[in-house]
$ cat entry-v7.pdb   # PDB, C-alpha atoms
ATOM      1  CA  MET A  61      61.433 100.134  98.581
ATOM      2  CA  ASN A  62      61.745 102.545  95.681
ATOM      3  CA  LEU A  63      59.771 102.137  92.484
ATOM      4  CA  PHE A  64      62.792 101.293  90.339
ATOM      5  CA  ALA A  65      63.763  98.416  92.662
ATOM      6  CA  MET A  66      60.206  97.117  92.345
ATOM      7  CA  MET A  67      60.583  97.185  88.556
ATOM      8  CA  GLU A  68      63.886  95.299  88.806
ATOM      9  CA  THR A  69      62.228  92.674  91.006
ATOM     10  CA  SER A  70      59.352  92.193  88.539
ATOM     11  CA  GLY A  71      61.805  92.186  85.643
ATOM     12  CA  SER A  72      63.919  89.453  87.206
ATOM     13  CA  ALA A  73      60.773  87.370  87.780
ATOM     14  CA  MET A  74      59.733  87.876  84.142
ATOM     15  CA  GLN A  75      63.167  86.724  82.993
ATOM     16  CA  ALA A  76      63.013  83.625  85.225
ATOM     17  CA  GLU A  77      59.515  82.722  84.015
ATOM     18  CA  ARG A  78      60.568  83.167  80.380
ATOM     19  CA  MET A  79      63.405  80.701  80.949
ATOM     20  CA  ARG A  80      60.932  78.350  82.651
ATOM     21  CA  ALA A  81      58.747  78.478  79.529
ATOM     22  CA  GLU A  82      61.798  77.769  77.346
ATOM     23  CA  VAL A  83      62.665  74.697  79.424
ATOM     24  CA  VAL A  84      59.068  73.452  79.134
ATOM     25  CA  ALA A  85      59.232  73.924  75.356
ATOM     26  CA  THR A  86      62.498  71.983  75.243
ATOM     27  CA  ASN A  87      60.945  69.177  77.293
ATOM     28  CA  MET A  88      57.942  68.994  74.967
ATOM     29  CA  ALA A  89      60.141  69.035  71.866
ATOM     30  CA  ASN A  90      62.181  66.113  73.208
ATOM     31  CA  ALA A  91      59.287  64.033  74.577
ATOM     32  CA  GLU A  92      59.992  61.278  72.039
ATOM     33  CA  THR A  93      63.805  61.538  71.926
ATOM     34  CA  THR A  94      65.188  58.075  72.603
ATOM     35  CA  ARG A  95      68.870  58.821  71.991
ATOM     36  CA  THR A  96      70.927  61.821  73.068
ATOM     37  CA  ALA A  97      74.629  62.644  72.887
ATOM     38  CA  THR A  98      75.066  61.007  76.302
ATOM     39  CA  GLY A  99      73.608  57.774  74.950
ATOM     40  CA  GLY A 100      70.274  57.431  76.738
ATOM     41  CA  PRO A 101      66.838  58.944  76.332
ATOM     42  CA  TYR A 102      66.313  62.660  76.931
ATOM     43  CA  ARG A 103      65.834  63.566  80.592
ATOM     44  CA  ARG A 104      63.185  66.090  81.628
ATOM     45  CA  GLN A 105      64.731  69.389  82.747
ATOM     46  CA  GLU A 106      63.537  71.544  85.638
ATOM     47  CA  LEU A 107      64.653  74.976  86.837
ATOM     48  CA  LEU A 108      65.722  75.908  90.336
ATOM     49  CA  PHE A 109      64.804  79.449  91.319
ATOM     50  CA  ALA A 110      66.688  81.325  94.031
ATOM     51  CA  ALA A 111      66.443  84.788  95.523
ATOM     52  CA  ASN A 112      69.009  87.341  94.417
ATOM     53  CA  ALA A 113      71.249  88.741  97.125
ATOM     54  CA  GLY A 114      69.822  92.240  96.617
ATOM     55  CA  ASP A 115      67.230  92.078  99.400
ATOM     56  CA  PRO A 116      67.744  89.738 102.396
ATOM     57  CA  GLU A 117      64.089  90.060 103.451
ATOM     58  CA  PHE A 118      62.922  88.906 100.012
ATOM     59  CA  ALA A 119      65.463  86.051 100.065
ATOM     60  CA  ASN A 120      64.226  84.872 103.464
ATOM     61  CA  THR A 121      60.580  85.084 102.364
ATOM     62  CA  LEU A 122      61.240  83.176  99.119
ATOM     63  CA  ASN A 123      63.296  80.498 100.850
ATOM     64  CA  ALA A 124      60.660  80.082 103.574
ATOM     65  CA  ALA A 125      57.842  79.833 101.014
ATOM     66  CA  THR A 126      59.635  77.323  98.787
ATOM     67  CA  GLY A 127      61.514  75.444 101.491
ATOM     68  CA  SER A 128      64.726  75.980  99.561
ATOM     69  CA  SER A 129      67.111  76.246 102.510
ATOM     70  CA  ALA A 130      69.120  73.408 100.946
ATOM     71  CA  LEU A 131      69.403  75.510  97.795
ATOM     72  CA  ALA A 132      70.532  78.496  99.866
ATOM     73  CA  ASN A 133      73.138  76.309 101.588
ATOM     74  CA  ALA A 134      74.378  75.082  98.196
ATOM     75  CA  ALA A 135      74.613  78.665  96.967
ATOM     76  CA  SER A 136      76.580  79.715 100.054
ATOM     77  CA  GLN A 137      78.916  76.724  99.596
ATOM     78  CA  THR A 138      79.419  77.807  96.002
ATOM     79  CA  ALA A 139      80.301  81.337  97.070
ATOM     80  CA  SER A 140      82.701  80.229  99.828
ATOM     81  CA  SER A 141      84.470  77.363  98.069
ATOM     82  CA  GLY A 142      84.514  78.647  94.523
ATOM     83  CA  THR A 143      83.108  75.345  93.235
ATOM     84  CA  SER A 144      79.550  74.940  92.069
ATOM     85  CA  ALA A 145      77.253  72.690  94.111
ATOM     86  CA  LEU A 146      74.537  73.211  91.487
ATOM     87  CA  PRO A 147      74.638  72.059  87.872
ATOM     88  CA  PRO A 148      75.638  74.796  85.446
ATOM     89  CA  LEU A 149      73.108  76.461  83.175
ATOM     90  CA  PRO A 150      72.928  74.983  79.668
ATOM     91  CA  PRO A 151      74.723  77.058  77.005
ATOM     92  CA  LEU A 152      71.405  78.531  75.802
ATOM     93  CA  LEU A 153      70.564  79.910  79.263
ATOM     94  CA  ALA A 154      74.080  80.712  80.566
ATOM     95  CA  PRO A 155      74.259  84.261  79.097
ATOM     96  CA  LEU A 156      71.035  85.043  80.963
ATOM     97  CA  SER A 157      72.420  84.438  84.451
ATOM     98  CA  PRO A 158      71.724  87.396  86.737
ATOM     99  CA  LEU A 159      75.310  88.698  86.704
ATOM    100  CA  GLY A 160      75.687  88.191  82.964
ATOM    101  CA  LEU A 161      72.418  89.962  82.132
ATOM    102  CA  ASN A 162      73.077  92.860  84.481
ATOM    103  CA  SER A 163      76.598  93.318  83.092
ATOM    104  CA  ALA A 164      75.311  93.029  79.513
ATOM    105  CA  LEU A 165      72.834  95.827  80.226
ATOM    106  CA  GLY A 166      75.619  98.077  81.485
ATOM    107  CA  GLY A 167      74.919  97.450  85.160
ATOM    108  CA  SER A 168      77.442  97.360  87.948
ATOM    109  CA  GLY A 169      77.610  93.556  87.997
ATOM    110  CA  THR A 170      75.615  93.243  91.219
ATOM    111  CA  THR A 171      72.328  91.412  91.137
ATOM    112  CA  ALA A 172      69.054  93.242  91.456
ATOM    113  CA  PRO A 173      66.552  92.256  94.128
ATOM    114  CA  GLY A 174      64.263  89.513  92.947
ATOM    115  CA  VAL A 175      64.732  85.998  91.670
ATOM    116  CA  HIS A 176      67.071  84.227  89.272
ATOM    117  CA  VAL A 177      67.571  80.755  87.844
ATOM    118  CA  ALA A 178      70.052  79.028  90.140
ATOM    119  CA  GLY A 179      70.409  75.977  87.924
ATOM    120  CA  VAL A 180      68.835  73.413  85.680
ATOM    121  CA  VAL A 181      68.450  69.885  87.007
ATOM    122  CA  GLU A 182      67.498  66.650  85.313
ATOM    123  CA  ASP A 183      64.493  64.698  86.514
ATOM    124  CA  PRO A 184      65.801  61.514  88.181
ATOM    125  CA  SER A 185      62.782  59.370  87.197
ATOM    126  CA  ALA A 186      63.413  56.213  85.269
ATOM    127  CA  PRO A 187      62.666  56.255  81.543
ATOM    128  CA  LEU A 188      59.427  54.733  80.282
ATOM    129  CA  LYS A 189      59.731  51.395  78.466
ATOM    130  CA  ARG A 190      57.636  50.778  75.344
ATOM    131  CA  TYR A 191      57.627  47.637  73.277
ATOM    132  CA  ASP A 192      58.812  48.543  69.766
ATOM    133  CA  PRO A 193      61.150  45.873  68.375
ATOM    134  CA  GLY A 194      61.444  47.690  65.014
ATOM    135  CA  ASN A 195      62.989  50.799  66.567
ATOM    136  CA  PRO A 196      66.762  51.081  66.059
ATOM    137  CA  ASP A 197      67.117  52.032  69.744
ATOM    138  CA  ALA A 198      65.302  48.901  70.950
ATOM    139  CA  GLU A 199      67.065  46.732  73.504
ATOM    140  CA  ALA A 200      67.480  42.974  73.009
ATOM    141  CA  ASP A 201      64.026  42.318  74.513
ATOM    142  CA  GLY A 202      62.393  44.797  72.064
ATOM    143  CA  TYR A 203      61.739  47.587  74.566
ATOM    144  CA  VAL A 204      62.720  51.191  73.880
ATOM    145  CA  SER A 205      63.459  53.720  76.642
ATOM    146  CA  TYR A 206      61.489  56.963  76.246
ATOM    147  CA  PRO A 207      61.706  60.105  78.366
ATOM    148  CA  ASP A 208      59.323  60.267  81.323
ATOM    149  CA  ILE A 209      57.628  63.454  80.105
ATOM    150  CA  ASN A 210      53.923  63.942  80.733
ATOM    151  CA  PRO A 211      52.454  66.521  78.303
ATOM    152  CA  VAL A 212      49.772  67.481  80.840
ATOM    153  CA  THR A 213      52.398  68.292  83.481
ATOM    154  CA  GLU A 214      54.392  70.299  80.965
ATOM    155  CA  MET A 215      51.324  72.267  79.866
ATOM    156  CA  VAL A 216      50.459  73.062  83.498
ATOM    157  CA  ASP A 217      54.043  74.293  84.008
ATOM    158  CA  LEU A 218      53.770  76.373  80.842
ATOM    159  CA  MET A 219      50.456  77.873  81.946
ATOM    160  CA  GLY A 220      51.972  78.716  85.332
ATOM    161  CA  ALA A 221      54.983  80.379  83.701
ATOM    162  CA  THR A 222      52.752  82.317  81.309
ATOM    163  CA  ARG A 223      50.459  83.437  84.107
ATOM    164  CA  ALA A 224      53.348  84.547  86.344
ATOM    165  CA  TYR A 225      54.961  86.377  83.424
ATOM    166  CA  GLY A 226      51.700  88.200  82.691
ATOM    167  CA  LEU A 227      51.170  89.155  86.329
ATOM    168  CA  ASN A 228      54.690  90.561  86.590
ATOM    169  CA  SER A 229      54.134  92.446  83.338
ATOM    170  CA  SER A 230      51.003  93.986  84.852
ATOM    171  CA  ALA A 231      53.001  94.940  87.938
ATOM    172  CA  VAL A 232      55.583  96.696  85.752
ATOM    173  CA  GLN A 233      52.811  98.581  83.949
ATOM    174  CA  ALA A 234      51.292  99.634  87.290
ATOM    175  CA  GLU A 235      54.711 100.799  88.507
ATOM    176  CA  LYS A 236      55.200 102.822  85.332
ATOM    177  CA  GLY A 237      51.811 104.430  85.968
ATOM    178  CA  MET A 238      52.858 105.315  89.528
ATOM    179  CA  ILE A 239      56.065 106.908  88.278
ATOM    180  CA  SER A 240      54.137 108.907  85.662
ATOM    181  CA  SER A 241      51.645 110.061  88.291
ATOM    182  CA  ALA A 242      54.473 111.087  90.632
ATOM    183  CA  LEU A 243      56.076 113.102  87.831
ATOM    184  CA  GLU A 244      52.748 114.810  87.077
ATOM    185  CA  ILE A 245      52.345 115.712  90.752
ATOM    186  CA  ALA A 246      55.892 117.073  90.819
ATOM    187  CA  LYS A 247      55.175 119.290  87.784
ATOM    188  CA  SER A 248      52.255 121.029  89.465
TER
END
$ encode --input "entry-v7.pdb" --output "structure tokens"
Amino acid sequence: MNLFAMMETSGSAMQAERMRAEVVATNMANAETTRTATGGPYRRQELLFAANAGDPEFANTLNAATGSSALANAASQTASSGTSALPPLPPLLAPLSPLGLNSALGGSGTTAPGVHVAGVVEDPSAPLKRYDPGNPDAEADGYVSYPDINPVTEMVDLMGATRAYGLNSSAVQAEKGMISSALEIAKS
């Protein structure tokens, strides 16, 4: 693997972890939202990561480690049928899809080796019920449906995203150092 492909792999992971942190921030911001445009309480969002098609060995390793063969099957169904088996990215994250980002950066439109956000899914857990008869969203029995968002879980997800982002940033710095060293060797 060449050094520039390694940088692309780390860069794609940094992009995915940044989006993961954004989703966590959105979840935390909406932890008390009892009414959305769809009519119910906010639903916790989660990201699905998938390997880019750039390196089959990396894709197999990622899918084996995460057990995401169902996700790989859904992605292959999407490619063959032209219809999406996964939910689309929200408008905020859609321009950052791997093809859109690569094209926006002047790339060839093919995905780099690494990882990308395959989709955003809603948590299927039932909303929490709290007794608050004075709330305008209260049901007839006085209970209000709140999102099932645990701040501790969200903070652990945020710490994981931050840690992974930092580690990939360190990898990029190390790769830049290797390239600089190789150029110095080539000069002499």
$ resolve_selection --input "entry-v7.pdb" --expression "the PyMOL selection byres ((chain A and resi 112) around 6)" --output "PyMOL selection string"
chain A and resi 111+113-114+173-175
$ closest_residue --input "entry-v7.pdb" --among "A:Thr121, A:Ser241, A:Asn195, A:Thr86" --to "Arg104 (chain A)" --atoms "all atoms listed in the file"
A:Thr86
$ atom_distance --input "entry-v7.pdb" --atom1 "CA of Ala89 (chain A)" --atom2 "CA of Ala76 (chain A)"
20.0 Å
$ atom_distance --input "entry-v7.pdb" --atom1 "CA of Ser185 (chain A)" --atom2 "CA of Pro101 (chain A)"
11.6 Å
$ atom_distance --input "entry-v7.pdb" --atom1 "CA of Met66 (chain A)" --atom2 "CA of Gly179 (chain A)"
23.9 Å
$ closest_residue --input "entry-v7.pdb" --among "A:Ala97, A:Ala91, A:Met79, A:Ile245" --to "Asp217 (chain A)" --atoms "all atoms listed in the file"
A:Met79
$ resolve_selection --input "entry-v7.pdb" --expression "the PyMOL selection byres ((chain A and resi 225) around 9)" --output "ChimeraX atom specification"
/A:70,73-78,220-224,226-230
$ resolve_selection --input "entry-v7.pdb" --expression "the PyMOL selection byres ((chain A and resi 102) around 6)" --output "number ranges by chain"
A: 93, 101, 103, 207
$ write_last_selection --input "entry-v7.pdb" --atoms "C-alpha atoms" --output "PDB file, keeping the file's coordinate frame"
ATOM      1  CA  THR A  93      63.805  61.538  71.926  1.00  0.00           C
ATOM      2  CA  PRO A 101      66.838  58.944  76.332  1.00  0.00           C
ATOM      3  CA  ARG A 103      65.834  63.566  80.592  1.00  0.00           C
ATOM      4  CA  PRO A 207      61.706  60.105  78.366  1.00  0.00           C
TER       5      PRO A 207
END
$ residues_around --input "entry-v7.pdb" --residues "Gly100 (chain A)" --least-positions-apart "3" --cutoff "12 Å" --atoms "all atoms listed in the file" --output "PDB file with C-alpha atoms, in the coordinates of the input"
ATOM      1  CA  GLU A  92      59.992  61.278  72.039  1.00  0.00           C
ATOM      2  CA  THR A  93      63.805  61.538  71.926  1.00  0.00           C
ATOM      3  CA  THR A  94      65.188  58.075  72.603  1.00  0.00           C
ATOM      4  CA  ARG A  95      68.870  58.821  71.991  1.00  0.00           C
ATOM      5  CA  THR A  96      70.927  61.821  73.068  1.00  0.00           C
ATOM      6  CA  ALA A  97      74.629  62.644  72.887  1.00  0.00           C
ATOM      7  CA  ARG A 103      65.834  63.566  80.592  1.00  0.00           C
ATOM      8  CA  ALA A 186      63.413  56.213  85.269  1.00  0.00           C
ATOM      9  CA  PRO A 187      62.666  56.255  81.543  1.00  0.00           C
ATOM     10  CA  LEU A 188      59.427  54.733  80.282  1.00  0.00           C
ATOM     11  CA  ASP A 197      67.117  52.032  69.744  1.00  0.00           C
ATOM     12  CA  ALA A 198      65.302  48.901  70.950  1.00  0.00           C
ATOM     13  CA  GLU A 199      67.065  46.732  73.504  1.00  0.00           C
ATOM     14  CA  VAL A 204      62.720  51.191  73.880  1.00  0.00           C
ATOM     15  CA  SER A 205      63.459  53.720  76.642  1.00  0.00           C
ATOM     16  CA  TYR A 206      61.489  56.963  76.246  1.00  0.00           C
ATOM     17  CA  PRO A 207      61.706  60.105  78.366  1.00  0.00           C
TER      18      PRO A 207
END
$ residues_around --input "entry-v7.pdb" --residues "Met215 (chain A)" --least-positions-apart "5" --cutoff "10 Å" --atoms "all atoms listed in the file" --output "list in words"
Ala81, Val84, Ala85, Met88, Asn210, Gly220 and Ala221 of chain A
$ closest_residue --input "entry-v7.pdb" --among "A:Ser248, A:Leu122, A:Asp192, A:Met238" --to "Phe109 (chain A)" --atoms "all atoms listed in the file"
A:Leu122
$ build_atoms --input "entry-v7.pdb" --residues "region 197-210 of chain A" --atoms "N, CA and C atoms" --output "tab-separated table (two decimals), in the coordinates of the input"
chain	number	residue	atom	x	y	z
A	197	ASP	N	66.64	51.88	68.37
A	197	ASP	CA	67.12	52.03	69.74
A	197	ASP	C	66.57	50.95	70.67
A	198	ALA	N	65.89	49.95	70.13
A	198	ALA	CA	65.30	48.90	70.95
A	198	ALA	C	66.40	48.04	71.57
A	199	GLU	N	66.14	47.63	72.82
A	199	GLU	CA	67.06	46.73	73.50
A	199	GLU	C	66.83	45.32	72.99
A	200	ALA	N	67.58	44.36	73.48
A	200	ALA	CA	67.48	42.97	73.01
A	200	ALA	C	66.08	42.40	73.20
A	201	ASP	N	65.37	42.83	74.26
A	201	ASP	CA	64.03	42.32	74.51
A	201	ASP	C	62.95	43.07	73.74
A	202	GLY	N	63.34	44.06	72.90
A	202	GLY	CA	62.39	44.80	72.06
A	202	GLY	C	61.83	46.06	72.69
A	203	TYR	N	62.24	46.38	73.90
A	203	TYR	CA	61.74	47.59	74.57
A	203	TYR	C	62.65	48.78	74.28
A	204	VAL	N	62.01	49.94	74.13
A	204	VAL	CA	62.72	51.19	73.88
A	204	VAL	C	62.49	52.11	75.08
A	205	SER	N	63.56	52.77	75.53
A	205	SER	CA	63.46	53.72	76.64
A	205	SER	C	63.08	55.09	76.10
A	206	TYR	N	61.97	55.63	76.62
A	206	TYR	CA	61.49	56.96	76.25
A	206	TYR	C	61.57	57.88	77.46
A	207	PRO	N	61.68	59.17	77.23
A	207	PRO	CA	61.71	60.10	78.37
A	207	PRO	C	60.40	60.06	79.15
A	208	ASP	N	60.51	60.25	80.46
A	208	ASP	CA	59.32	60.27	81.32
A	208	ASP	C	58.78	61.70	81.36
A	209	ILE	N	58.17	62.10	80.23
A	209	ILE	CA	57.63	63.45	80.10
A	209	ILE	C	56.13	63.34	79.89
A	210	ASN	N	55.37	63.94	80.81
A	210	ASN	CA	53.92	63.94	80.73
A	210	ASN	C	53.49	65.28	80.11
